[in-house]
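Student: Sending over structure04.cif (mmCIF, C-alpha atoms).
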```cif
data_entry
loop_
_atom_site.label_atom_id
_atom_site.label_comp_id
_atom_site.auth_asym_id
_atom_site.auth_seq_id
_atom_site.Cartn_x
_atom_site.Cartn_y
_atom_site.Cartn_z
CA MET O 10 0.00 0.00 0.00
CA HIS O 11 3.06 2.28 0.41
CA GLY O 12 3.21 2.91 -3.35
CA SER O 13 -0.40 4.07 -3.40
CA TRP O 14 0.26 6.60 -0.63
CA GLN O 15 3.16 8.06 -2.59
CA THR O 16 1.17 8.22 -5.83
CA LEU O 17 -1.86 9.88 -4.28
CA MET O 18 0.10 12.38 -2.20
CA ALA O 19 2.19 13.36 -5.23
CA GLY O 20 -1.00 13.90 -7.20
CA ALA O 21 -2.52 15.92 -4.39
CA SER O 22 0.58 18.13 -4.18
CA LEU O 23 0.44 18.74 -7.92
CA GLY O 24 -3.22 19.69 -7.57
CA VAL O 25 -2.37 22.25 -4.90
CA ILE O 26 0.29 23.81 -7.14
CA VAL O 27 -2.03 23.97 -10.14
CA LEU O 28 -4.97 25.42 -8.22
CA THR O 29 -2.78 27.92 -6.35
CA GLY O 30 -1.16 29.10 -9.54
CA ALA O 31 -4.54 29.56 -11.20
CA ALA O 32 -6.12 31.39 -8.29
CA GLY O 33 -5.08 34.86 -9.43
CA ALA O 34 -5.70 34.31 -13.15
CA GLU O 35 -8.78 34.31 -15.29
CA PRO O 36 -10.12 30.77 -15.78
CA ALA O 37 -9.23 29.30 -19.17
CA VAL O 38 -12.54 27.44 -19.34
CA PRO O 39 -15.95 28.14 -17.80
CA GLY O 40 -17.03 26.19 -14.75
CA LYS O 41 -15.42 25.28 -11.45
CA LEU O 42 -12.48 23.05 -10.59
CA THR O 43 -12.51 21.16 -7.28
CA ALA O 44 -10.00 19.05 -5.40
CA LYS O 45 -9.87 17.25 -2.06
CA VAL O 46 -7.35 15.18 -0.11
CA ALA O 47 -8.18 12.98 2.87
CA MET O 48 -6.69 10.47 5.27
CA GLY O 49 -8.69 7.97 7.29
CA SER O 50 -8.26 5.27 9.90
CA ASP O 51 -9.97 2.94 7.40
CA TYR O 52 -11.83 3.17 4.10
CA MET O 53 -15.23 1.54 3.87
CA PHE O 54 -17.09 0.81 0.63
CA ARG O 55 -20.73 -0.08 1.27
CA GLY O 56 -20.02 -1.24 4.79
CA VAL O 57 -16.89 -3.28 4.02
CA SER O 58 -13.27 -2.25 4.69
CA GLU O 59 -11.06 -1.88 1.62
CA THR O 60 -7.87 -1.63 3.65
CA SER O 61 -8.12 -4.71 5.90
CA GLY O 62 -8.73 -2.40 8.82
CA GLY O 63 -5.65 -0.27 8.12
CA PRO O 64 -5.35 3.44 7.30
CA ALA O 65 -6.22 4.88 3.91
CA VAL O 66 -5.36 7.94 1.85
CA MET O 67 -7.79 9.44 -0.65
CA GLY O 68 -7.86 12.21 -3.21
CA SER O 69 -10.15 13.63 -5.88
CA PHE O 70 -10.20 16.17 -8.68
CA GLY O 71 -13.43 17.42 -10.20
CA TYR O 72 -15.00 19.81 -12.69
CA GLU O 73 -18.47 21.38 -12.53
CA TYR O 74 -20.28 23.40 -15.18
CA GLU O 75 -23.98 24.21 -14.79
CA TRP O 76 -25.72 20.78 -14.54
CA PHE O 77 -22.69 18.77 -15.63
CA TYR O 78 -19.93 17.41 -13.40
CA GLY O 79 -17.03 15.01 -13.65
CA GLU O 80 -14.68 13.61 -11.03
CA VAL O 81 -11.66 11.37 -10.66
CA PHE O 82 -11.35 9.79 -7.20
CA ALA O 83 -8.64 7.48 -5.86
CA ASN O 84 -8.14 5.59 -2.62
CA SER O 85 -5.46 3.25 -1.35
CA ILE O 86 -6.57 -0.31 -0.70
CA ASP O 87 -5.15 -3.41 0.95
CA TYR O 88 -6.94 -6.71 0.36
CA GLY O 89 -4.06 -8.71 1.86
CA ASP O 90 -6.11 -10.65 4.39
CA ARG O 91 -8.60 -11.62 1.68
CA GLY O 92 -6.10 -13.21 -0.68
CA ASP O 93 -5.15 -10.34 -3.05
CA THR O 94 -1.76 -8.98 -1.97
CA GLN O 95 -0.99 -7.05 -5.19
CA THR O 96 -3.80 -4.52 -5.61
CA THR O 97 -3.02 -1.26 -3.82
CA LEU O 98 -5.07 1.40 -5.63
CA ARG O 99 -8.66 1.92 -6.73
CA MET O 100 -9.76 4.65 -9.13
CA GLU O 101 -13.27 5.97 -9.80
CA TYR O 102 -14.07 7.92 -12.96
CA LYS O 103 -17.46 9.58 -12.61
CA ALA O 104 -19.57 11.81 -14.87
CA GLY O 105 -23.14 12.97 -14.50
CA ILE O 106 -25.67 15.77 -14.35
CA LYS O 107 -27.47 17.41 -11.41
CA PRO O 108 -30.66 19.05 -12.69
CA HIS O 109 -33.41 20.45 -10.47
CA LEU O 110 -37.03 19.27 -10.59
CA GLY O 111 -39.24 21.39 -8.37
CA PRO O 112 -38.05 20.86 -4.77
CA LEU O 113 -35.80 17.93 -5.77
CA ASP O 114 -32.11 17.99 -6.62
CA LEU O 115 -31.54 15.13 -9.07
CA ASP O 116 -28.30 13.25 -9.72
CA VAL O 117 -27.84 10.94 -12.74
CA GLY O 118 -24.63 9.50 -14.13
CA ALA O 119 -22.15 6.65 -14.44
CA ILE O 120 -18.99 5.45 -12.65
CA TYR O 121 -16.13 3.31 -13.90
CA TYR O 122 -14.15 1.54 -11.15
CA ASN O 123 -10.57 0.73 -12.12
CA PHE O 124 -7.87 -1.16 -10.20
CA PRO O 125 -4.65 -0.20 -12.05
CA ASP O 126 -2.30 -2.71 -10.41
CA SER O 127 -4.77 -5.57 -10.07
CA PRO O 128 -3.72 -9.02 -11.28
CA GLY O 129 -5.49 -9.32 -14.64
CA ALA O 130 -7.04 -12.69 -13.85
CA LEU O 131 -9.14 -11.19 -11.03
CA ASP O 132 -11.36 -9.04 -13.30
CA GLN O 133 -11.88 -6.40 -10.61
CA ASP O 134 -12.81 -3.50 -12.93
CA PHE O 135 -16.52 -2.74 -13.35
CA TYR O 136 -18.93 0.11 -13.99
CA GLU O 137 -22.26 1.32 -12.61
CA TYR O 138 -25.09 3.62 -13.60
CA TYR O 139 -26.80 5.64 -10.89
CA ALA O 140 -29.78 7.91 -10.31
CA GLY O 141 -31.07 9.64 -7.21
CA ALA O 142 -32.61 12.70 -5.63
CA SER O 143 -32.35 14.79 -2.49
CA HIS O 144 -34.53 17.40 -0.82
CA THR O 145 -33.60 19.99 1.79
CA MET O 146 -36.10 21.18 4.39
CA GLY O 147 -34.50 23.78 6.62
CA PRO O 148 -31.52 22.11 8.32
CA VAL O 149 -32.54 18.58 7.20
CA THR O 150 -31.55 16.99 3.89
CA LEU O 151 -33.05 13.65 2.80
CA GLY O 152 -31.63 11.66 -0.09
CA GLY O 153 -31.91 8.40 -1.95
CA MET O 154 -29.76 6.76 -4.65
CA PHE O 155 -29.95 3.68 -6.88
CA TYR O 156 -26.90 2.06 -8.50
CA TYR O 157 -26.95 -0.64 -11.16
CA SER O 158 -24.04 -2.66 -12.52
CA PRO O 159 -24.55 -5.08 -15.43
CA GLU O 160 -21.38 -6.95 -14.37
CA PHE O 161 -20.23 -6.20 -10.83
CA TYR O 162 -16.84 -6.68 -9.17
CA MET O 163 -15.14 -10.04 -9.84
CA ASN O 164 -17.79 -11.00 -12.40
CA ALA O 165 -20.53 -11.11 -9.77
CA GLY O 166 -23.18 -10.45 -12.42
CA LYS O 167 -26.01 -7.92 -12.35
CA THR O 168 -26.10 -6.02 -9.06
CA GLN O 169 -28.24 -3.26 -7.58
CA TYR O 170 -27.45 -1.02 -4.63
CA TYR O 171 -30.10 1.08 -2.89
CA THR O 172 -29.26 3.70 -0.29
CA GLY O 173 -31.06 6.34 1.74
CA THR O 174 -29.40 9.15 3.70
CA VAL O 175 -30.31 11.89 6.14
CA ALA O 176 -28.16 14.85 7.20
CA ILE O 177 -28.93 17.51 9.80
CA ASP O 178 -27.06 20.81 9.85
CA MET O 179 -26.56 21.59 13.54
CA GLY O 180 -24.91 24.95 12.88
CA HIS O 181 -21.40 26.08 13.78
CA GLY O 182 -19.96 23.83 11.06
CA ILE O 183 -21.34 20.61 12.56
CA THR O 184 -23.45 18.08 10.64
CA VAL O 185 -24.99 14.87 11.98
CA SER O 186 -25.73 12.27 9.29
CA GLY O 187 -26.49 8.63 8.65
CA GLY O 188 -27.41 6.21 5.92
CA TYR O 189 -28.73 2.75 5.16
CA GLY O 190 -27.87 0.71 2.08
CA TYR O 191 -28.83 -2.63 0.58
CA THR O 192 -26.86 -4.64 -1.99
CA ASN O 193 -28.79 -7.06 -4.17
CA PHE O 194 -26.91 -9.65 -6.24
CA GLU O 195 -29.06 -11.18 -8.97
CA ASN O 196 -26.65 -14.14 -9.04
CA ASP O 197 -26.77 -15.41 -5.43
CA VAL O 198 -24.06 -17.97 -6.16
CA LEU O 199 -21.40 -15.25 -6.64
CA GLY O 200 -22.67 -12.83 -4.00
CA ARG O 201 -25.02 -12.80 -1.02
CA ASP O 202 -27.39 -9.88 -0.48
CA TYR O 203 -26.58 -7.74 2.54
CA ALA O 204 -27.36 -4.42 4.24
CA ASP O 205 -24.99 -1.77 5.55
CA TRP O 206 -25.51 1.32 7.68
CA ASN O 207 -23.60 4.23 9.13
CA ALA O 208 -24.08 7.14 11.53
CA GLY O 209 -21.71 9.90 12.50
CA VAL O 210 -20.84 13.55 12.91
CA THR O 211 -18.78 15.89 10.72
CA ALA O 212 -17.22 19.11 12.01
CA ASN O 213 -15.47 21.82 10.03
CA VAL O 214 -12.50 23.14 11.99
CA GLU O 215 -10.19 25.78 10.49
CA GLY O 216 -11.07 24.64 6.96
CA PHE O 217 -10.61 20.93 7.68
CA ASP O 218 -13.49 18.42 7.84
CA LEU O 219 -13.27 15.93 10.70
CA ASP O 220 -15.63 12.97 10.42
CA LEU O 221 -16.20 10.27 13.04
CA ARG O 222 -18.53 7.49 11.87
CA TYR O 223 -19.87 4.12 12.98
CA ILE O 224 -20.12 1.72 10.01
CA ASP O 225 -21.36 -1.86 9.96
CA ASN O 226 -23.10 -4.54 7.89
CA ASN O 227 -25.10 -7.71 8.41
CA ILE O 228 -22.99 -10.10 6.32
CA PRO O 229 -23.16 -13.49 8.08
CA ASN O 230 -19.95 -14.67 9.76
CA PHE O 231 -18.12 -11.55 8.59
CA ASP O 232 -15.69 -9.82 10.94
CA ASN O 233 -15.82 -6.16 9.93
CA ASP O 234 -12.35 -4.69 10.43
CA ASN O 235 -13.32 -1.36 11.97
CA LYS O 236 -16.73 -0.17 13.02
CA ALA O 237 -15.56 3.31 14.09
CA VAL O 238 -13.78 5.24 11.33
CA PHE O 239 -12.16 8.68 11.61
CA THR O 240 -11.46 10.72 8.46
CA LEU O 241 -9.67 14.04 8.07
CA SER O 242 -10.17 15.86 4.76
CA LYS O 243 -9.36 19.20 3.18
CA SER O 244 -10.96 20.83 0.13
CA LEU O 245 -8.39 22.72 -1.96
#
```
So that I can check it, write out the structure of this file as structure tokens.

Tutor:
Amino acid sequence: MHGSWQTLMAGASLGVIVLTGAAGAEPAVPGKLTAKVAMGSDYMFRGVSETSGGPAVMGSFGYEYEWFYGEVFANSIDYGDRGDTQTTLRMEYKAGIKPHLGPLDLDVGAIYYNFPDSPGALDQDFYEYYAGASHTMGPVTLGGMFYYSPEFYMNAGKTQYYTGTVAIDMGHGITVSGGYGYTNFENDVLGRDYADWNAGVTANVEGFDLDLRYIDNNIPNFDNDNKAVFTLSKSL
């Protein structure tokens, strides 16, 4: 996983230089560039650790223009205790639109998940389509998303993921939030359906976001590596 840390931190440093240099100049293209770096005590994907309970480093670069957005996200991974000792990095390439429909904020798009240093025989790469909506009522935001993959991770076949979230703005830079998700594998031989959930609090302190979250799932006979995860992130 050491190589992934170096790669991501180098990319994050380059992003800081690029964004800082562009801060005082007129933008060459319309829209907004975004970037974020983060470090966590673990990295969970749908209730399951991707780092075998170890720390993770993450980074993203994005572009927004009116309804359209695109993002490249990366996180270090360590599947060592699950048999794959070679894969150290996961990339997400995402593009979508966020139109408004009355009181709803919609979100529709696609994601390609890529594992650059994965052993080819594992077939870890896959893609998903997604659609969802959120609605804000005062300090409360409710949301729901649906993801569909025609061929999920490791050739697990058609898979759907449903998730609902709630976030409450407590003021003073503090947000309390939680979510519940359900993964449905159409091919039960390759994957067993399961639920995951999380609840936590995020605080903005001097421009940094500190997030402490409880994350778990109901996979039978599965020892989740960490149920309490702390993440420190910074938007650039």

Student: Could you write out as a PyMOL selection string the residues that the PyMOL selection byres ((chain O and resi 84) around 8) matches in the shown file?

Tutor: chain O and resi 13+17+65-68+82-83+85-86+98-100

Student: Mind dumping the selected residues with C-alpha atoms as a short mmCIF file (atom, residue, chain, number, x, y, z; two decimals), in the frame of the given file?

Tutor:
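As written to disk, result13.cif reads:
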```cif
data_model
loop_
_atom_site.label_atom_id
_atom_site.label_comp_id
_atom_site.auth_asym_id
_atom_site.auth_seq_id
_atom_site.Cartn_x
_atom_site.Cartn_y
_atom_site.Cartn_z
CA SER O 13 -0.40 4.07 -3.40
CA LEU O 17 -1.86 9.88 -4.28
CA ALA O 65 -6.22 4.88 3.91
CA VAL O 66 -5.36 7.94 1.85
CA MET O 67 -7.79 9.44 -0.65
CA GLY O 68 -7.86 12.21 -3.21
CA PHE O 82 -11.35 9.79 -7.20
CA ALA O 83 -8.64 7.48 -5.86
CA SER O 85 -5.46 3.25 -1.35
CA ILE O 86 -6.57 -0.31 -0.70
CA LEU O 98 -5.07 1.40 -5.63
CA ARG O 99 -8.66 1.92 -6.73
CA MET O 100 -9.76 4.65 -9.13
#
```

Student: Can you tell me, as an NGL selection string, what residues are no more than 10 Å from Tyr170 (chain O) when counting all atoms listed in the file, ignoring any on the same chain fewer than 2 positions away?

Tutor: :O and (55 or 137 or 139 or 154-158 or 168 or 172 or 190-194 or 202-204)

Student: Kindly export the residues of the current selection with C-alpha atoms, as a compact mmCIF listing (two decimals), in the frame of the given file.

Tutor:
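Okay, selection01.txt is ready:
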```
# COMPACT_ATOMS: atom_id res chain seq x y z
CA ARG O 55 -20.73 -0.08 1.27
CA GLU O 137 -22.26 1.32 -12.61
CA TYR O 139 -26.80 5.64 -10.89
CA MET O 154 -29.76 6.76 -4.65
CA PHE O 155 -29.95 3.68 -6.88
CA TYR O 156 -26.90 2.06 -8.50
CA TYR O 157 -26.95 -0.64 -11.16
CA SER O 158 -24.04 -2.66 -12.52
CA THR O 168 -26.10 -6.02 -9.06
CA THR O 172 -29.26 3.70 -0.29
CA GLY O 190 -27.87 0.71 2.08
CA TYR O 191 -28.83 -2.63 0.58
CA THR O 192 -26.86 -4.64 -1.99
CA ASN O 193 -28.79 -7.06 -4.17
CA PHE O 194 -26.91 -9.65 -6.24
CA ASP O 202 -27.39 -9.88 -0.48
CA TYR O 203 -26.58 -7.74 2.54
CA ALA O 204 -27.36 -4.42 4.24
```

Student: Give me the residues within 12 Å of region 182-184 of chain O as an NGL selection string, counting only C-alpha atoms and dropping any in the same chain fewer than 5 places off.

Tutor: :O and (148-150 or 175-177 or 208-222)

Student: Can you work out which one of O:Tyr122, O:Tyr189, O:Tyr138, O:Tyr102 has the shortest atom-to-atom distance to Tyr72 (chain O), counting all atoms listed in the file?

Tutor: O:Tyr102

Student: Looking at O:Leu241, O:Ala165, O:Leu113, O:Ile106, which one is nearest to Leu151 (chain O), with distances taken over all atoms listed in the file?

Tutor: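 Among the listed residues, O:Leu113 lies closest to Leu151 (chain O).
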
Student: Mind giving me the straight-line distance from CA of Leu115 (chain O) to CA of Ala142 (chain O) in Å, one decimal?

Tutor: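 For CA of Leu115 (chain O) relative to CA of Ala142 (chain O), the distance reads 4.3 Å.
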
Student: I'd like the contact shell of Met53 (chain O) - 12 Å cut-off, only C-alpha atoms, skipping same-chain residues fewer than 4 positions apart - returned as a count of residues only.

Tutor: 32

Student: Which residues, named as in the file, does the PyMOL selection byres ((chain O and resi 135) around 10) pick out? Answer as a ChimeraX atom specification.

Tutor: /O:101,120-124,132-134,136-137,158-165

Student: If I take CA of Asp114 (chain O) and CA of Ala140 (chain O), how far is one from the other in Å, to one decimal?

Tutor: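 About the pair CA of Asp114 (chain O) and CA of Ala140 (chain O): they are 11.0 Å apart.
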
Student: With distances taken over all atoms listed in the file, which residue among O:Gly153, O:Gly147, O:Gly200, O:Gly180 lies nearest Lys167 (chain O)?

Tutor: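 Ranked by minimum distance to Lys167 (chain O), first place goes to O:Gly200.
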
Student: Between CA of Gly118 (chain O) and CA of Asp178 (chain O), what distance in Å does the model show, to one decimal?

Tutor: 26.6 Å

Student: Go through O:Gly40, O:Gly79, O:Pro108, O:Gly129 and flag the residue nearest Thr96 (chain O), using only C-alpha atoms for the distances.

Tutor: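 Comparing O:Gly40, O:Gly79, O:Pro108, O:Gly129 against Thr96 (chain O), the winner is O:Gly129.
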
Student: Please determine, counting only C-alpha atoms, which residue among O:Thr94, O:Ser244, O:Ala119, O:Arg201 has the shortest atom-to-atom distance to Asn227 (chain O).

Tutor: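 Among the listed residues, O:Arg201 lies closest to Asn227 (chain O).
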
Student: List the spatial neighbours of Gly71 (chain O) as a compact mmCIF listing (two decimals) with C-alpha atoms, keeping the file's coordinate frame - criterion: any atom at most 6 Å away, all atoms listed in the file, same-chain residues fewer than 6 positions off excluded.

Tutor:
```
# COMPACT_ATOMS: atom_id res chain seq x y z
CA LEU O 42 -12.48 23.05 -10.59
CA THR O 43 -12.51 21.16 -7.28
CA GLY O 79 -17.03 15.01 -13.65
CA GLU O 80 -14.68 13.61 -11.03
```

Student: Which residues, named as in the file, does the PyMOL selection byres ((chain O and resi 75) around 10) pick out? Answer as an NGL selection string.

Tutor: :O and (39-41 or 73-74 or 76-78 or 106-108)

Student: Counting all atoms listed in the file, which of O:Gly56, O:Asp126, O:Leu110, O:Glu195 gets nearest to Asp232 (chain O)?

Tutor: O:Gly56
